[in-house]
file target-v2.cif (mmCIF, C-alpha atoms and all ligand atoms)
data_start
loop_
_atom_site.label_atom_id
_atom_site.label_comp_id
_atom_site.auth_asym_id
_atom_site.auth_seq_id
_atom_site.Cartn_x
_atom_site.Cartn_y
_atom_site.Cartn_z
CA MET A 461 104.47 15.57 3.41
CA ALA A 462 107.03 14.32 0.93
CA GLY A 463 108.78 16.66 -1.52
CA LEU A 464 109.01 20.37 -0.92
CA THR A 465 106.55 20.80 1.92
CA HIS A 466 107.54 20.46 5.54
CA PRO A 467 105.49 18.30 7.90
CA SER A 468 102.85 20.05 9.95
CA LEU A 469 102.85 19.81 13.71
CA VAL A 470 99.94 20.11 16.13
CA ILE A 471 100.39 20.08 19.89
CA LEU A 472 97.64 19.52 22.46
CA SER A 473 98.65 20.39 26.00
CA GLY A 474 96.96 19.93 29.36
CA ALA A 475 97.57 20.61 33.01
CA GLY A 476 100.61 18.31 33.20
CA LEU A 477 102.56 20.87 31.11
CA SER A 478 102.28 23.47 33.89
CA ALA A 479 102.39 21.08 36.86
CA GLU A 480 106.10 21.52 37.48
CA SER A 481 105.62 25.30 37.50
CA GLY A 482 103.38 24.80 40.52
CA VAL A 483 99.98 25.11 38.80
CA ALA A 484 97.59 22.51 40.21
CA THR A 485 96.30 19.83 37.84
CA PHE A 486 92.63 18.84 37.94
CA ARG A 487 92.55 15.12 38.59
CA GLY A 488 94.42 12.83 40.92
CA ALA A 489 95.76 13.51 44.41
CA ASP A 490 95.96 17.27 45.18
CA GLY A 491 94.10 17.99 41.92
CA LEU A 492 91.65 20.92 41.83
CA TRP A 493 88.72 18.53 41.43
CA GLU A 494 89.72 16.72 44.61
CA GLY A 495 89.06 19.89 46.62
CA HIS A 496 86.10 21.28 44.64
CA ARG A 497 83.03 19.78 43.05
CA ILE A 498 83.00 20.57 39.31
CA GLU A 499 79.29 21.36 39.49
CA ASP A 500 79.93 23.97 42.22
CA VAL A 501 82.49 26.05 40.36
CA ALA A 502 82.82 25.10 36.69
CA THR A 503 79.35 25.11 35.15
CA PRO A 504 77.05 27.90 33.91
CA GLU A 505 74.49 26.68 36.48
CA ALA A 506 76.98 27.19 39.33
CA PHE A 507 77.63 30.74 38.13
CA LYS A 508 73.90 31.43 38.04
CA THR A 509 73.21 30.08 41.51
CA GLN A 510 76.45 30.79 43.42
CA PRO A 511 78.40 33.47 41.55
CA GLU A 512 80.37 34.48 44.67
CA LEU A 513 81.74 30.96 45.07
CA VAL A 514 82.66 30.76 41.38
CA HIS A 515 84.40 34.15 41.51
CA ARG A 516 86.32 33.11 44.64
CA PHE A 517 87.58 29.95 42.93
CA TYR A 518 88.80 31.79 39.80
CA ASN A 519 90.09 34.81 41.75
CA MET A 520 92.30 32.45 43.73
CA ARG A 521 93.58 30.74 40.62
CA ARG A 522 94.12 34.08 38.82
CA ALA A 523 96.06 35.45 41.79
CA SER A 524 98.22 32.33 41.97
CA LEU A 525 99.49 33.00 38.42
CA LYS A 526 101.65 35.75 39.94
CA THR A 527 103.54 33.13 41.93
CA VAL A 528 104.49 30.80 39.07
CA GLU A 529 106.90 30.89 36.12
CA PRO A 530 107.12 29.02 32.79
CA ASN A 531 109.16 25.83 33.00
CA ALA A 532 111.60 24.07 30.66
CA ALA A 533 108.75 22.36 28.80
CA HIS A 534 107.04 25.69 27.97
CA ASP A 535 110.42 27.05 26.83
CA ALA A 536 111.10 24.01 24.64
CA LEU A 537 107.70 24.35 22.93
CA VAL A 538 108.47 27.98 22.11
CA ARG A 539 111.79 26.91 20.62
CA LEU A 540 109.89 24.36 18.53
CA GLU A 541 107.38 27.01 17.40
CA ARG A 542 110.21 29.33 16.31
CA GLU A 543 112.41 26.73 14.61
CA TRP A 544 109.91 24.28 13.11
CA PRO A 545 110.03 24.75 9.32
CA GLY A 546 106.44 23.61 8.64
CA PRO A 547 102.98 24.64 9.83
CA PHE A 548 102.75 24.73 13.64
CA LEU A 549 99.83 25.03 16.05
CA HIS A 550 99.74 24.67 19.84
CA ILE A 551 96.28 24.03 21.25
CA THR A 552 96.18 24.29 25.02
CA GLN A 553 93.45 23.32 27.46
CA ASN A 554 95.33 25.31 30.09
CA VAL A 555 93.91 28.62 31.23
CA ASP A 556 97.20 29.87 32.71
CA ASP A 557 99.40 32.30 30.79
CA LEU A 558 102.67 30.37 31.03
CA ASN A 559 102.94 29.54 27.32
CA GLU A 560 102.63 33.17 26.26
CA ARG A 561 104.98 34.28 29.03
CA ALA A 562 107.51 31.83 27.58
CA GLY A 563 106.97 33.54 24.19
CA ALA A 564 104.34 31.39 22.44
CA ARG A 565 102.45 33.04 19.57
CA LYS A 566 100.82 30.24 17.57
CA LEU A 567 98.69 29.26 20.54
CA LEU A 568 94.96 28.65 20.95
CA HIS A 569 93.38 28.63 24.43
CA MET A 570 90.48 26.29 23.73
CA HIS A 571 89.22 26.44 27.34
CA GLY A 572 89.66 30.20 27.78
CA GLN A 573 92.07 32.21 29.92
CA LEU A 574 92.24 33.10 33.61
CA ARG A 575 93.56 36.57 32.85
CA GLN A 576 90.52 37.42 30.74
CA VAL A 577 86.92 38.17 31.60
CA ARG A 578 83.97 38.76 29.34
CA CYS A 579 80.81 40.74 29.56
CA THR A 580 77.66 38.69 29.10
CA TRP A 581 75.82 41.92 28.21
CA CYS A 582 78.00 43.67 25.61
CA ARG A 583 80.28 40.66 24.76
CA ALA A 584 83.49 42.63 25.41
CA VAL A 585 86.49 40.47 26.25
CA LEU A 586 88.93 42.18 28.62
CA THR A 587 92.28 41.51 30.23
CA TRP A 588 91.71 41.22 33.97
CA ASP A 589 94.46 40.76 36.55
CA GLY A 590 92.72 41.54 39.82
CA ASP A 591 89.75 39.99 41.56
CA LEU A 592 86.36 39.82 39.88
CA GLU A 593 83.29 40.42 42.06
CA THR A 594 79.56 40.13 41.40
CA SER A 595 79.47 43.94 41.63
CA SER A 596 82.32 44.57 39.13
CA ALA A 597 81.28 46.89 36.29
CA CYS A 598 82.18 46.22 32.67
CA PRO A 599 84.71 48.84 31.53
CA GLU A 600 83.08 48.84 28.05
CA CYS A 601 79.34 49.10 28.74
CA ALA A 602 79.52 50.15 32.43
CA ARG A 603 76.92 47.58 33.51
CA ALA A 604 77.58 45.97 36.87
CA GLY A 605 77.19 42.25 37.52
CA LYS A 606 77.61 41.14 33.91
CA LEU A 607 81.25 40.07 33.87
CA ARG A 608 82.24 36.42 34.05
CA PRO A 609 85.57 34.59 33.90
CA ASP A 610 86.48 33.88 30.26
CA ILE A 611 86.64 30.18 31.03
CA VAL A 612 84.89 27.45 29.06
CA TRP A 613 82.81 25.63 31.67
CA PHE A 614 81.43 22.11 31.50
CA GLY A 615 78.50 22.07 29.12
CA GLU A 616 79.87 25.00 27.06
CA MET A 617 81.41 24.93 23.60
CA PRO A 618 85.24 25.15 23.55
CA TYR A 619 86.78 27.97 21.53
CA TYR A 620 88.41 27.73 18.07
CA ILE A 621 86.83 24.37 17.21
CA ASP A 622 86.65 25.10 13.45
CA GLU A 623 90.28 26.16 13.32
CA ILE A 624 91.32 23.12 15.36
CA MET A 625 89.36 20.70 13.15
CA ARG A 626 91.02 22.17 10.05
CA ALA A 627 94.48 21.70 11.59
CA LEU A 628 93.68 18.09 12.52
CA GLU A 629 92.74 17.33 8.91
CA THR A 630 96.26 17.96 7.68
CA VAL A 631 98.48 17.26 10.68
CA ASP A 632 101.55 15.07 10.10
CA ILE A 633 102.90 14.95 13.67
CA PHE A 634 100.55 15.21 16.65
CA LEU A 635 101.99 15.72 20.15
CA CYS A 636 99.96 15.44 23.29
CA ILE A 637 101.45 16.65 26.57
CA GLY A 638 100.16 16.20 30.12
CA THR A 639 96.47 15.59 29.62
CA SER A 640 94.43 12.82 31.18
CA GLY A 641 92.29 12.53 28.05
CA VAL A 642 88.95 12.44 29.79
CA VAL A 643 87.46 15.77 28.69
CA TYR A 644 85.99 15.94 25.19
CA PRO A 645 86.31 17.20 22.52
CA ALA A 646 90.07 17.53 23.25
CA ALA A 647 90.31 13.87 24.29
CA GLY A 648 89.16 12.90 20.78
CA PHE A 649 91.75 14.94 18.83
CA ALA A 650 94.35 12.13 18.61
CA ARG A 651 91.83 9.67 17.19
CA LEU A 652 90.57 12.31 14.73
CA ALA A 653 94.10 13.14 13.60
CA ALA A 654 94.82 9.42 13.06
CA GLU A 655 91.59 9.03 11.06
CA HIS A 656 92.72 11.91 8.84
CA GLY A 657 95.98 10.06 8.13
CA CYS A 658 98.38 11.42 10.74
CA ALA A 659 100.99 8.68 11.03
CA ARG A 660 103.02 9.93 13.99
CA LEU A 661 101.22 10.59 17.25
CA ILE A 662 103.30 10.98 20.40
CA GLU A 663 101.84 11.03 23.90
CA MET A 664 103.92 12.56 26.72
CA ASN A 665 102.71 11.95 30.24
CA LEU A 666 103.84 10.55 33.57
CA GLU A 667 101.79 7.46 32.81
CA ARG A 668 99.45 5.82 30.32
CA THR A 669 96.02 7.41 29.94
CA GLY A 670 92.61 6.33 28.67
CA ILE A 671 93.53 7.61 25.18
CA SER A 672 97.04 6.09 24.96
CA ASP A 673 95.92 3.45 22.42
CA HIS A 674 95.43 6.18 19.81
CA PHE A 675 99.13 7.10 19.85
CA THR A 676 101.99 5.52 17.93
CA GLU A 677 104.64 6.51 20.51
CA GLN A 678 104.78 7.05 24.26
CA ARG A 679 107.26 9.15 26.23
CA HIS A 680 106.73 8.60 29.92
CA GLY A 681 108.24 11.10 32.34
CA ALA A 682 108.00 14.64 33.65
CA ALA A 683 107.18 17.23 30.98
CA THR A 684 110.29 19.27 31.83
CA VAL A 685 112.39 16.25 30.86
CA VAL A 686 110.53 14.53 28.02
CA VAL A 687 109.38 17.65 26.16
CA PRO A 688 112.83 19.32 25.74
CA ALA A 689 114.26 15.94 24.71
CA LEU A 690 111.62 15.38 22.05
CA VAL A 691 111.91 18.94 20.76
CA GLY A 692 115.65 18.42 20.34
CA GLU A 693 114.98 15.21 18.38
CA LEU A 694 112.31 16.74 16.15
CA LEU A 695 114.41 19.79 15.31
CA SER A 696 117.57 17.84 14.56
CA ALA A 697 115.59 15.60 12.18
CA SER A 698 113.71 18.49 10.47
N1 LIG B 701 104.62 15.90 33.33
C1 LIG B 701 103.82 15.27 32.45
N2 LIG B 701 102.55 14.91 32.72
C2 LIG B 701 102.06 15.22 33.93
C3 LIG B 701 102.83 15.89 34.91
C4 LIG B 701 104.18 16.23 34.56
N3 LIG B 701 104.98 16.87 35.41
N4 LIG B 701 102.08 16.05 36.02
C5 LIG B 701 100.88 15.52 35.75
N5 LIG B 701 100.85 15.00 34.50
C6 LIG B 701 99.75 14.37 33.79
C7 LIG B 701 98.88 13.48 34.65
O1 LIG B 701 99.36 12.15 34.64
C8 LIG B 701 97.52 13.59 33.97
O2 LIG B 701 97.35 12.62 32.96
O3 LIG B 701 98.91 15.41 33.36
C9 LIG B 701 97.56 14.97 33.30
C10 LIG B 701 96.70 16.02 33.96
O4 LIG B 701 95.36 15.65 33.83
P1 LIG B 701 94.16 16.56 34.33
O5 LIG B 701 94.43 17.03 35.70
O6 LIG B 701 92.91 15.81 34.09
O7 LIG B 701 94.23 17.86 33.38
P2 LIG B 701 93.75 18.04 31.88
O8 LIG B 701 93.84 16.77 31.12
O9 LIG B 701 94.44 19.23 31.34
O10 LIG B 701 92.21 18.39 32.11
C11 LIG B 701 91.42 18.68 30.98
O11 LIG B 701 89.56 19.18 32.35
O12 LIG B 701 88.55 20.09 34.20
C12 LIG B 701 88.87 20.29 32.89
O13 LIG B 701 88.87 22.33 31.80
C13 LIG B 701 89.68 21.52 32.61
O14 LIG B 701 91.24 21.89 30.80
C14 LIG B 701 90.87 21.02 31.84
C15 LIG B 701 90.37 19.68 31.31
#

call {"tool": "encode", "arguments": {"input": "target-v2.cif", "output": "structure tokens", "more": "lines below"}}
Ligand code: APR
result
Amino acid sequence: MAGLTHPSLVILSGAGLSAESGVATFRGADGLWEGHRIEDVATPEAFKTQPELVHRFYNMRRASLKTVEPNAAHDALVRLEREWPGPFLHITQNVDDLNERAGARKLLHMHGQLRQVRCTWCRAVLTWDGDLETSSACPECARAGKLRPDIVWFGEMPYYIDEIMRALETVDIFLCIGTSGVVYPAAGFARLAAEHGCARLIEMNLERTGISDHFTEQRHGAATVVVPALVGELLSAS
């Protein structure tokens, strides 16, 4: 970190980043998991036994993306991505497209994306903005009934794990924004980064979480307030 190289930055974001845009979080009052049982809509078993219900859940969430916009926290992270002089990586657990709509490029969707579907037959991954039905045909292989939301469900392996692990080995500043820290492996990233020698770990959330002890700093408050403020601080010190 000292000398000629610039510090590397890794960000992990969760549903709290998009909450003020109007995207529902998962846990807590009004959270998605208050109104739906995880095992009914977010597991491979649910998709096998009740595909219509699973499609309805993700169709609703996909459609609701058209009613929301990126907020000041998404914008600030894009400013950080563009102006940070060292290595930068934003890992998001969010399946919305608000980071890319704000302009993010160095972004990994470790839990998949609402606006993508994939074919379980030919493995094609496709952009998909409308509703997905059990009868929908894959535009690549033409088979019907083989498309699924490109969402990492409970019991499935998150995407980009190798790339993420490599980034955590060399990260100098780790930021965590709006995640409750209960879903692994993401919930373990702060501890892993610290074990690899990361000395500055900042958690941004409305409140303390089950993983707060792994951080060296806390910024409590709404993401649209605390994230732009921290980005300003980091850039003026870089
Ligand atoms: N600003 C900052 N933090 C916020 C805000 C806000 N405006 N609103 C909510 N939060 C915080 C909450 O305090 C909570 O800790 O965001 C967190 C949201 O937690 P969850 O709803 O559990 O979402 P997340 O941590 O992203 O969930 C992880 O669980 O169900 C799976 O795959 C799903 O990716 C998701 C994963």

call {"tool": "closest_residue", "arguments": {"input": "target-v2.cif", "among": "A:Met664, A:Val483, A:Ala659, A:Leu472", "to": "ligand LIG 701 (chain B)", "atoms": "all atoms listed in the file"}}
result
A:Met664

call {"tool": "residues_around", "arguments": {"input": "target-v2.cif", "residues": "Ser698 (chain A)", "least_positions_apart": "6", "cutoff": "9 Å", "atoms": "only C-alpha atoms", "output": "PyMOL selection string"}}
result
chain A and resi 466-467+544-545

call {"tool": "closest_atom_pairs", "arguments": {"input": "target-v2.cif", "of": "chain A", "to": "ligand LIG 701 (chain B)", "cutoff": "9 Å", "atoms": "only C-alpha atoms and all ligand atoms", "output": "tab-separated table"}}
result
residue	atom	partner	partner_atom	distance
A:Ser473	CA	B:LIG701	O9	6.9
A:Gly474	CA	B:LIG701	O9	3.3
A:Ala475	CA	B:LIG701	O9	3.8
A:Gly476	CA	B:LIG701	O3	3.4
A:Leu477	CA	B:LIG701	N1	5.8
A:Ser478	CA	B:LIG701	N3	7.3
A:Ala479	CA	B:LIG701	N4	5.1
A:Glu480	CA	B:LIG701	N3	5.2
A:Ser481	CA	B:LIG701	N3	8.7
A:Ala484	CA	B:LIG701	O5	7.8
A:Thr485	CA	B:LIG701	O5	4.0
A:Phe486	CA	B:LIG701	O5	3.4
A:Arg487	CA	B:LIG701	O5	3.9
A:Gly488	CA	B:LIG701	O5	6.7
A:Gly491	CA	B:LIG701	O5	6.3
A:Leu492	CA	B:LIG701	O5	7.8
A:Trp493	CA	B:LIG701	O12	7.4
A:Ile498	CA	B:LIG701	O12	7.6
A:Ala502	CA	B:LIG701	O12	8.0
A:Ala533	CA	B:LIG701	N1	8.9
A:Thr552	CA	B:LIG701	O14	8.0
A:Gln553	CA	B:LIG701	O14	4.3
A:Asn554	CA	B:LIG701	O14	5.4
A:Val555	CA	B:LIG701	O14	7.3
A:Met570	CA	B:LIG701	O14	8.4
A:His571	CA	B:LIG701	O14	6.1
A:Gly572	CA	B:LIG701	O13	8.9
A:Ile611	CA	B:LIG701	O13	8.2
A:Val612	CA	B:LIG701	O13	7.0
A:Trp613	CA	B:LIG701	O13	6.9
A:Phe614	CA	B:LIG701	O13	7.4
A:Ile637	CA	B:LIG701	N2	6.5
A:Gly638	CA	B:LIG701	O3	3.6
A:Thr639	CA	B:LIG701	O8	3.2
A:Ser640	CA	B:LIG701	O2	3.4
A:Gly641	CA	B:LIG701	O8	5.5
A:Val642	CA	B:LIG701	O8	6.7
A:Val643	CA	B:LIG701	C11	5.4
A:Tyr644	CA	B:LIG701	C11	8.4
A:Ala646	CA	B:LIG701	C11	7.9
A:Ala647	CA	B:LIG701	O8	8.2
A:Met664	CA	B:LIG701	C1	6.3
A:Asn665	CA	B:LIG701	N2	3.9
A:Leu666	CA	B:LIG701	N2	4.6
A:Glu667	CA	B:LIG701	O1	5.6
A:Arg668	CA	B:LIG701	O2	7.6
A:Thr669	CA	B:LIG701	O2	6.2
A:Gly670	CA	B:LIG701	O2	9.0
A:His680	CA	B:LIG701	C1	7.7
A:Gly681	CA	B:LIG701	C1	6.1
A:Ala682	CA	B:LIG701	N1	3.6
A:Ala683	CA	B:LIG701	N1	3.7
A:Thr684	CA	B:LIG701	N1	6.8
A:Val685	CA	B:LIG701	N1	8.2
A:Val686	CA	B:LIG701	N1	8.1
A:Val687	CA	B:LIG701	C1	8.7

call {"tool": "axis_aligned_box", "arguments": {"input": "target-v2.cif", "around": "region 629-641 of chain A", "padding_each_side": "5 Å", "output": "AutoDock Vina command-line options"}}
result
--center_x 97.6 --center_y 15.2 --center_z 19.4 --size_x 20.6 --size_y 15.4 --size_z 33.5

call {"tool": "atom_distance", "arguments": {"input": "target-v2.cif", "atom1": "CA of Ala564 (chain A)", "atom2": "CA of Ala689 (chain A)"}}
result
18.5 Å

call {"tool": "atom_distance", "arguments": {"input": "target-v2.cif", "atom1": "CA of Val631 (chain A)", "atom2": "CA of His656 (chain A)"}}
result
8.1 Å

call {"tool": "residues_around", "arguments": {"input": "target-v2.cif", "residues": "region 580-595 of chain A", "least_positions_apart": "5", "cutoff": "9 Å", "atoms": "all atoms listed in the file", "output": "PyMOL selection string"}}
result
chain A and resi 511-512+515-516+518-520+522-523+574-575+600-601+603-610

call {"tool": "write_last_selection", "arguments": {"input": "target-v2.cif", "atoms": "C-alpha atoms", "output": "short mmCIF file (atom, residue, chain, number, x, y, z; two decimals), in the coordinates of the input"}}
result
data_model
loop_
_atom_site.label_atom_id
_atom_site.label_comp_id
_atom_site.auth_asym_id
_atom_site.auth_seq_id
_atom_site.Cartn_x
_atom_site.Cartn_y
_atom_site.Cartn_z
CA PRO A 511 78.40 33.47 41.55
CA GLU A 512 80.37 34.48 44.67
CA HIS A 515 84.40 34.15 41.51
CA ARG A 516 86.32 33.11 44.64
CA TYR A 518 88.80 31.79 39.80
CA ASN A 519 90.09 34.81 41.75
CA MET A 520 92.30 32.45 43.73
CA ARG A 522 94.12 34.08 38.82
CA ALA A 523 96.06 35.45 41.79
CA LEU A 574 92.24 33.10 33.61
CA ARG A 575 93.56 36.57 32.85
CA GLU A 600 83.08 48.84 28.05
CA CYS A 601 79.34 49.10 28.74
CA ARG A 603 76.92 47.58 33.51
CA ALA A 604 77.58 45.97 36.87
CA GLY A 605 77.19 42.25 37.52
CA LYS A 606 77.61 41.14 33.91
CA LEU A 607 81.25 40.07 33.87
CA ARG A 608 82.24 36.42 34.05
CA PRO A 609 85.57 34.59 33.90
CA ASP A 610 86.48 33.88 30.26
#

call {"tool": "closest_residue", "arguments": {"input": "target-v2.cif", "among": "A:Phe649, A:Phe507, A:Phe675, A:Phe517", "to": "Leu628 (chain A)", "atoms": "only C-alpha atoms"}}
result
A:Phe649

call {"tool": "atom_distance", "arguments": {"input": "target-v2.cif", "atom1": "CA of Ala697 (chain A)", "atom2": "CA of His569 (chain A)"}}
result
28.5 Å

call {"tool": "closest_residue", "arguments": {"input": "target-v2.cif", "among": "A:Leu537, A:Phe634, A:Pro688, A:Arg679", "to": "Leu661 (chain A)", "atoms": "only C-alpha atoms"}}
result
A:Phe634

call {"tool": "closest_residue", "arguments": {"input": "target-v2.cif", "among": "A:Ser672, A:Ala627, A:Glu616, A:Glu663", "to": "Glu505 (chain A)", "atoms": "all atoms listed in the file"}}
result
A:Glu616

call {"tool": "closest_residue", "arguments": {"input": "target-v2.cif", "among": "A:His534, A:Arg660, A:Glu529, A:Glu693", "to": "Glu677 (chain A)", "atoms": "all atoms listed in the file"}}
result
A:Arg660

call {"tool": "closest_residue", "arguments": {"input": "target-v2.cif", "among": "A:Cys636, A:Ala653, A:Ala562, A:Leu695", "to": "Ile624 (chain A)", "atoms": "all atoms listed in the file"}}
result
A:Ala653
